[in-house]
Amino acid sequence: MANPSQQVMRLGFGFAVSQALRVVIELGIPDLLAAGEQSVEDLAAATNADAEPLYRVMRLLAPEGVFTENRPRQFALTEVGAALRSDRPGPRDFIRMINSEAYLAFEQLLHSVRTGKPAFDKVFGSPRFDWLSTHPEQAALFQRAMVALSQGSNEAVADAYDFSRYTRVVDVGGGHGQLLSAILARNPHLSGVLLDLPSGVAAARRGAGGDLPRTDFIAGDFFENVPAGDIYVIKKVIHDWNDERAGLILRRCREAMPTHGRVLVAETLVPPGDEPAQIKAIDVVMLAVTGGLERTEAQYARLFQGAGLKLERVIDTSAPISILEASPA
Ligand SMILES: C[S@@+](CC[C@H](N)C(=O)[O-])C[C@H]1O[C@@H](n2cnc3c(N)ncnc32)[C@H](O)[C@@H]1O
């Protein structure tokens, strides 16, 4: 058992593991090992890398559970490492995305803690989504990462809610469109609207998140206005924004909807106490990168109230994401 100072030092080296993961992904090592064990020399030759530093990076990741080094300098993929293969839906693009701009912003996390403002804006000179608007490659990676992050949760949200009494579903900040696609596939009576920034709409039109029949695509700004519909879904969008901005998105939905309409916010709730939960890491990423936050149920209830809405119920899904259903107050 490591002593306390060894344990905190291990925590402090988290950045090394994180960037090492990115390196093996960028080099395509998990794909090369899919067919079986290989020597680091062969891997280096195939990826145009230097064998010795590649060995050191892979040796770091092996005890973390990504590879096994069964014989000296011969690596095999574990089940965990296999989740990084490019032919599988998985966290690969998410790890690449989080270890680029977000990683650089994190160096200034202290700025966020002192000021409450996103470190990203200080480091990059503009807010995250404005910056992505002028960096199409990173915006496309961001959308792919969102697809990876959403695996299973879109189907879970679409399955957990009864859409039968509505006619038009608006996916606010729907990005790649995977949630809307799952809802429309299960509800042939519904038409859909996908609202996002141009980069999100482009990904959805390309079919990044699946088929989108009966859908209008709107490249717009949800702070300005939101198209008409009777059921609004807003998944993993409210957490990107502070209370003032998040409240404005909800108010725009309230303004556009009929009195029988509903807003469904799909988010992962922060559990109480010191229970371990990945959402607590995502919360701090939100703090530094977008200025947003992950919330408890009580915080969402207050947010709805400030936007002229009332939290009716919280519906658990089969994935680690909940649906908060709100009606006009
Ligand atoms: C964290 S992603 C969530 C995407 C999708 N709903 C999902 O669950 O994967 C946030 C989305 O909000 C979009 N977005 C950010 N600012 C926006 C704005 N002002 N108007 C419309 N969409 C915006 C982004 O382009 C992105 O697709």
# chains A, B, ... in the order shown; residues from 1 in each chain; ligands from 1
call {"tool": "residues_around", "arguments": {"residues": "A:Gly210", "least_positions_apart": "5", "cutoff": "8 Å", "atoms": "only C-alpha atoms", "output": "VMD selection string"}}
result
chain A and resid 177 to 178 181 204
call {"tool": "closest_atom_pairs", "arguments": {"of": "chain A", "to": "ligand 1", "cutoff": "6 Å", "atoms": "only C-alpha atoms and all ligand atoms", "output": "CSV"}}
result
residue,atom,partner,partner_atom_place_in_ligand_line,distance
A:Phe129,CA,ligand 1,15 (C),5.7
A:Met146,CA,ligand 1,9 (O),4.6
A:Val147,CA,ligand 1,9 (O),5.9
A:Ser150,CA,ligand 1,9 (O),5.8
A:Gly173,CA,ligand 1,12 (O),4.0
A:Gly174,CA,ligand 1,6 (N),4.0
A:Gly175,CA,ligand 1,27 (O),3.5
A:Asp196,CA,ligand 1,22 (N),3.7
A:Leu197,CA,ligand 1,22 (N),4.6
A:Gly200,CA,ligand 1,25 (O),4.9
A:Gly220,CA,ligand 1,21 (C),5.6
A:Asp221,CA,ligand 1,20 (N),3.4
A:Phe222,CA,ligand 1,20 (N),4.1
A:Phe223,CA,ligand 1,19 (N),5.7
A:Lys235,CA,ligand 1,6 (N),4.4
A:Lys236,CA,ligand 1,8 (O),4.8
A:Val237,CA,ligand 1,10 (C),4.7
call {"tool": "closest_residue", "arguments": {"among": "A:Glu64, A:Ala140, A:Met58, A:Tyr103", "to": "A:Phe124", "atoms": "only C-alpha atoms"}}
result
A:Tyr103
call {"tool": "select_by_dssp", "arguments": {"residues": "stretch 159-281 of chain A", "states": "strand (DSSP E or B)", "output": "number ranges by chain"}}
result
A: 168-172, 191-196, 215-219, 231-235, 262-267
call {"tool": "residues_around", "arguments": {"residues": "A:Ala329", "least_positions_apart": "4", "cutoff": "6 Å", "atoms": "only C-alpha atoms", "output": "list of chain:residue names"}}
result
A:Gly308, A:Leu309, A:Lys310
call {"tool": "residues_around", "arguments": {"residues": "A:Ala35", "least_positions_apart": "6", "cutoff": "12 Å", "atoms": "only C-alpha atoms", "output": "ChimeraX atom specification"}}
result
/A:29,75-77,82,85
call {"tool": "write_last_selection", "arguments": {"atoms": "all heavy atoms", "output": "CSV table (one decimal), in the first residue's frame"}}
result
chain,number,residue,atom,x,y,z
A,29,ILE,N,-2.3,2.8,-32.4
A,29,ILE,CA,-1.8,1.6,-31.8
A,29,ILE,C,-2.9,0.6,-31.5
A,29,ILE,O,-2.7,-0.6,-31.8
A,29,ILE,CB,-0.9,1.9,-30.5
A,29,ILE,CG1,0.2,2.9,-30.8
A,29,ILE,CG2,-0.5,0.6,-29.8
A,29,ILE,CD1,1.4,2.3,-31.6
A,75,PHE,N,3.6,-6.2,-26.8
A,75,PHE,CA,2.4,-5.7,-26.2
A,75,PHE,C,1.1,-6.3,-26.8
A,75,PHE,O,1.1,-6.5,-28.0
A,75,PHE,CB,2.3,-4.2,-26.3
A,75,PHE,CG,3.3,-3.4,-25.4
A,75,PHE,CD1,4.5,-3.1,-25.8
A,75,PHE,CD2,2.9,-3.2,-24.1
A,75,PHE,CE1,5.4,-2.4,-25.0
A,75,PHE,CE2,3.8,-2.5,-23.2
A,75,PHE,CZ,5.1,-2.2,-23.7
A,76,ALA,N,0.1,-6.5,-26.0
A,76,ALA,CA,-1.2,-7.0,-26.4
A,76,ALA,C,-2.2,-6.0,-25.9
A,76,ALA,O,-2.0,-5.3,-24.9
A,76,ALA,CB,-1.4,-8.4,-26.0
A,77,LEU,N,-3.3,-6.0,-26.6
A,77,LEU,CA,-4.4,-5.1,-26.2
A,77,LEU,C,-5.3,-5.8,-25.1
A,77,LEU,O,-5.6,-7.0,-25.3
A,77,LEU,CB,-5.3,-4.9,-27.4
A,77,LEU,CG,-6.1,-3.6,-27.6
A,77,LEU,CD1,-5.2,-2.4,-27.4
A,77,LEU,CD2,-6.7,-3.6,-29.0
A,82,ALA,N,-9.1,-2.2,-26.0
A,82,ALA,CA,-9.8,-2.4,-27.2
A,82,ALA,C,-10.9,-1.4,-27.4
A,82,ALA,O,-11.4,-1.2,-28.5
A,82,ALA,CB,-10.4,-3.8,-27.2
A,85,ARG,N,-10.2,1.2,-30.1
A,85,ARG,CA,-10.1,0.9,-31.5
A,85,ARG,C,-11.1,1.7,-32.3
A,85,ARG,O,-12.2,2.1,-31.9
A,85,ARG,CB,-10.5,-0.6,-31.7
A,85,ARG,CG,-9.3,-1.5,-31.4
A,85,ARG,CD,-9.7,-3.0,-31.3
A,85,ARG,NE,-10.6,-3.4,-32.4
A,85,ARG,CZ,-11.0,-4.6,-32.6
A,85,ARG,NH1,-10.6,-5.6,-31.8
A,85,ARG,NH2,-11.7,-4.9,-33.7
call {"tool": "residues_around", "arguments": {"residues": "A:Asp283", "least_positions_apart": "5", "cutoff": "9 Å", "atoms": "only C-alpha atoms", "output": "list in words"}}
result
His239, Val270, Gln278, Ala288, Gly292, Leu293, Glu294 and Arg295 of chain A
call {"tool": "atom_distance", "arguments": {"atom1": "atom CA of A:Tyr232", "atom2": "atom CA of A:Pro198"}}
result
19.6 Å
call {"tool": "closest_residue", "arguments": {"among": "A:Asn225, A:Ser86, A:Ile183, A:Thr290", "to": "A:Leu32", "atoms": "only C-alpha atoms"}}
result
A:Ser86
call {"tool": "atom_distance", "arguments": {"atom1": "atom CA of A:Val66", "atom2": "atom CA of A:Thr78"}}
result
5.7 Å
call {"tool": "select_by_dssp", "arguments": {"residues": "stretch 26-105 of chain A", "states": "alpha helix (DSSP H)", "output": "JSON, numbers by chain"}}
result
{"A": [26, 27, 29, 30, 31, 32, 40, 41, 42, 43, 44, 45, 46, 47, 51, 52, 53, 54, 55, 56, 57, 58, 59, 60, 61, 79, 80, 81, 82, 92, 93, 94, 95, 96, 97, 98, 101, 102, 103, 104, 105]}
call {"tool": "residues_around", "arguments": {"residues": "A:Val170", "least_positions_apart": "6", "cutoff": "7 Å", "atoms": "only C-alpha atoms", "output": "list in words"}}
result
Gly192, Val193, Leu194, Gly229, Ile231, Tyr232 and Val233 of chain A
call {"tool": "write_last_selection", "arguments": {"atoms": "N, CA, C and O atoms", "output": "PDB file, in the first residue's frame"}}
result
ATOM      1  N   GLY A 192     -39.743  16.417 -36.673  1.00  0.00           N
ATOM      2  CA  GLY A 192     -38.654  16.895 -35.832  1.00  0.00           C
ATOM      3  C   GLY A 192     -38.036  18.193 -36.329  1.00  0.00           C
ATOM      4  O   GLY A 192     -38.148  18.549 -37.506  1.00  0.00           O
ATOM      5  N   VAL A 193     -37.407  18.906 -35.393  1.00  0.00           N
ATOM      6  CA  VAL A 193     -36.610  20.086 -35.733  1.00  0.00           C
ATOM      7  C   VAL A 193     -35.288  19.940 -35.006  1.00  0.00           C
ATOM      8  O   VAL A 193     -35.273  19.645 -33.808  1.00  0.00           O
ATOM      9  N   LEU A 194     -34.197  20.107 -35.728  1.00  0.00           N
ATOM     10  CA  LEU A 194     -32.895  20.076 -35.080  1.00  0.00           C
ATOM     11  C   LEU A 194     -32.301  21.480 -35.128  1.00  0.00           C
ATOM     12  O   LEU A 194     -32.084  22.033 -36.200  1.00  0.00           O
ATOM     13  N   GLY A 229     -42.709  24.117 -31.361  1.00  0.00           N
ATOM     14  CA  GLY A 229     -42.915  22.682 -31.262  1.00  0.00           C
ATOM     15  C   GLY A 229     -43.701  22.434 -29.991  1.00  0.00           C
ATOM     16  O   GLY A 229     -43.957  23.385 -29.229  1.00  0.00           O
ATOM     17  N   ILE A 231     -42.902  19.546 -27.930  1.00  0.00           N
ATOM     18  CA  ILE A 231     -42.051  18.844 -26.971  1.00  0.00           C
ATOM     19  C   ILE A 231     -40.586  19.196 -27.287  1.00  0.00           C
ATOM     20  O   ILE A 231     -40.125  19.023 -28.415  1.00  0.00           O
ATOM     21  N   TYR A 232     -39.915  19.738 -26.283  1.00  0.00           N
ATOM     22  CA  TYR A 232     -38.535  20.197 -26.454  1.00  0.00           C
ATOM     23  C   TYR A 232     -37.596  19.237 -25.741  1.00  0.00           C
ATOM     24  O   TYR A 232     -37.828  18.927 -24.566  1.00  0.00           O
ATOM     25  N   VAL A 233     -36.591  18.748 -26.439  1.00  0.00           N
ATOM     26  CA  VAL A 233     -35.573  17.947 -25.760  1.00  0.00           C
ATOM     27  C   VAL A 233     -34.262  18.732 -25.787  1.00  0.00           C
ATOM     28  O   VAL A 233     -33.905  19.341 -26.804  1.00  0.00           O
TER      29      VAL A 233
END
call {"tool": "residues_around", "arguments": {"residues": "A:Leu84", "least_positions_apart": "6", "cutoff": "7 Å", "atoms": "only C-alpha atoms", "output": "list in words"}}
result
Ile25, Pro30, Gly90, Pro91 and Arg92 of chain A
call {"tool": "decode", "arguments": {"residues": "stretch 198-234 of chain A", "atoms": "N, CA, C and O atoms", "output": "compact mmCIF listing (two decimals), in the first residue's frame"}}
result
# COMPACT_ATOMS: atom_id res chain seq x y z
N PRO A 198 -24.04 26.09 -36.93
CA PRO A 198 -23.80 25.49 -38.24
C PRO A 198 -22.99 24.19 -38.20
O PRO A 198 -23.30 23.25 -38.93
N SER A 199 -21.99 24.10 -37.29
CA SER A 199 -21.16 22.88 -37.26
C SER A 199 -21.98 21.67 -36.82
O SER A 199 -21.81 20.56 -37.34
N GLY A 200 -22.89 21.87 -35.87
CA GLY A 200 -23.74 20.78 -35.40
C GLY A 200 -24.72 20.36 -36.49
O GLY A 200 -24.91 19.16 -36.75
N VAL A 201 -25.32 21.34 -37.15
CA VAL A 201 -26.30 21.05 -38.21
C VAL A 201 -25.60 20.30 -39.35
O VAL A 201 -26.15 19.33 -39.90
N ALA A 202 -24.37 20.71 -39.66
CA ALA A 202 -23.63 20.04 -40.75
C ALA A 202 -23.42 18.57 -40.39
O ALA A 202 -23.59 17.68 -41.23
N ALA A 203 -23.04 18.29 -39.13
CA ALA A 203 -22.82 16.89 -38.70
C ALA A 203 -24.12 16.10 -38.80
O ALA A 203 -24.14 14.96 -39.28
N ALA A 204 -25.22 16.71 -38.36
CA ALA A 204 -26.52 16.01 -38.39
C ALA A 204 -26.95 15.73 -39.82
O ALA A 204 -27.42 14.64 -40.14
N ARG A 205 -26.76 16.71 -40.70
CA ARG A 205 -27.14 16.53 -42.12
C ARG A 205 -26.33 15.42 -42.78
O ARG A 205 -26.82 14.71 -43.63
N ARG A 206 -25.06 15.29 -42.34
CA ARG A 206 -24.20 14.22 -42.89
C ARG A 206 -24.64 12.85 -42.38
O ARG A 206 -24.13 11.83 -42.80
N GLY A 207 -25.55 12.84 -41.41
CA GLY A 207 -26.02 11.57 -40.86
C GLY A 207 -25.11 11.04 -39.77
O GLY A 207 -25.13 9.85 -39.47
N ALA A 208 -24.33 11.95 -39.12
CA ALA A 208 -23.38 11.52 -38.09
C ALA A 208 -24.06 10.77 -36.96
O ALA A 208 -23.47 9.88 -36.35
N GLY A 209 -25.31 11.13 -36.68
CA GLY A 209 -26.00 10.49 -35.55
C GLY A 209 -27.13 9.57 -36.00
O GLY A 209 -27.96 9.17 -35.19
N GLY A 210 -27.22 9.29 -37.28
CA GLY A 210 -28.27 8.39 -37.78
C GLY A 210 -29.26 9.11 -38.68
O GLY A 210 -29.13 10.32 -38.93
N ASP A 211 -30.25 8.36 -39.16
CA ASP A 211 -31.24 8.91 -40.09
C ASP A 211 -32.13 9.94 -39.41
O ASP A 211 -32.54 9.75 -38.27
N LEU A 212 -32.43 11.01 -40.16
CA LEU A 212 -33.33 12.04 -39.62
C LEU A 212 -34.45 12.32 -40.62
O LEU A 212 -34.43 13.35 -41.31
N PRO A 213 -35.42 11.42 -40.72
CA PRO A 213 -36.55 11.67 -41.60
C PRO A 213 -37.46 12.74 -40.98
O PRO A 213 -37.36 13.01 -39.78
N ARG A 214 -38.31 13.38 -41.76
CA ARG A 214 -39.34 14.32 -41.26
C ARG A 214 -38.73 15.44 -40.42
O ARG A 214 -39.34 15.91 -39.47
N THR A 215 -37.51 15.85 -40.77
CA THR A 215 -36.79 16.81 -39.91
C THR A 215 -36.46 18.10 -40.63
O THR A 215 -36.02 18.09 -41.78
N ASP A 216 -36.70 19.23 -39.94
CA ASP A 216 -36.20 20.53 -40.41
C ASP A 216 -34.91 20.83 -39.66
O ASP A 216 -34.84 20.66 -38.44
N PHE A 217 -33.92 21.27 -40.41
CA PHE A 217 -32.62 21.61 -39.80
C PHE A 217 -32.53 23.13 -39.68
O PHE A 217 -32.71 23.83 -40.68
N ILE A 218 -32.23 23.61 -38.50
CA ILE A 218 -32.12 25.06 -38.33
C ILE A 218 -30.76 25.39 -37.71
O ILE A 218 -30.46 24.97 -36.58
N ALA A 219 -29.95 26.14 -38.48
CA ALA A 219 -28.69 26.63 -37.94
C ALA A 219 -29.01 27.98 -37.29
O ALA A 219 -29.34 28.93 -37.99
N GLY A 220 -28.98 28.02 -35.99
CA GLY A 220 -29.38 29.25 -35.30
C GLY A 220 -28.75 29.32 -33.93
O GLY A 220 -27.84 28.55 -33.60
N ASP A 221 -29.24 30.26 -33.13
CA ASP A 221 -28.68 30.55 -31.82
C ASP A 221 -29.79 30.39 -30.78
O ASP A 221 -30.76 31.16 -30.78
N PHE A 222 -29.64 29.40 -29.90
CA PHE A 222 -30.74 29.17 -28.93
C PHE A 222 -30.88 30.27 -27.88
O PHE A 222 -31.84 30.27 -27.13
N PHE A 223 -29.94 31.21 -27.84
CA PHE A 223 -30.13 32.35 -26.93
C PHE A 223 -31.04 33.40 -27.58
O PHE A 223 -31.61 34.24 -26.91
N GLU A 224 -31.15 33.34 -28.91
CA GLU A 224 -31.96 34.33 -29.64
C GLU A 224 -33.40 33.86 -29.73
O GLU A 224 -34.31 34.52 -29.29
N ASN A 225 -33.61 32.72 -30.39
CA ASN A 225 -34.94 32.11 -30.36
C ASN A 225 -34.88 30.64 -30.72
O ASN A 225 -33.88 30.15 -31.23
N VAL A 226 -35.99 30.00 -30.40
CA VAL A 226 -36.09 28.55 -30.53
C VAL A 226 -37.35 28.28 -31.36
O VAL A 226 -38.37 28.94 -31.16
N PRO A 227 -37.31 27.37 -32.33
CA PRO A 227 -38.48 27.15 -33.18
C PRO A 227 -39.68 26.55 -32.43
O PRO A 227 -39.51 25.97 -31.36
N ALA A 228 -40.85 26.68 -33.05
CA ALA A 228 -42.07 26.19 -32.40
C ALA A 228 -42.13 24.66 -32.43
O ALA A 228 -41.69 24.02 -33.38
N GLY A 229 -42.71 24.12 -31.36
CA GLY A 229 -42.92 22.68 -31.26
C GLY A 229 -43.70 22.43 -29.99
O GLY A 229 -43.96 23.39 -29.23
N ASP A 230 -44.10 21.19 -29.73
CA ASP A 230 -44.83 20.98 -28.48
C ASP A 230 -44.06 20.10 -27.48
O ASP A 230 -44.47 19.93 -26.35
N ILE A 231 -42.90 19.55 -27.93
CA ILE A 231 -42.05 18.84 -26.97
C ILE A 231 -40.59 19.20 -27.29
O ILE A 231 -40.13 19.02 -28.42
N TYR A 232 -39.92 19.74 -26.28
CA TYR A 232 -38.53 20.20 -26.45
C TYR A 232 -37.60 19.24 -25.74
O TYR A 232 -37.83 18.93 -24.57
N VAL A 233 -36.59 18.75 -26.44
CA VAL A 233 -35.57 17.95 -25.76
C VAL A 233 -34.26 18.73 -25.79
O VAL A 233 -33.90 19.34 -26.80
N ILE A 234 -33.61 18.75 -24.65
CA ILE A 234 -32.35 19.52 -24.51
C ILE A 234 -31.39 18.61 -23.75
O ILE A 234 -31.46 18.49 -22.52
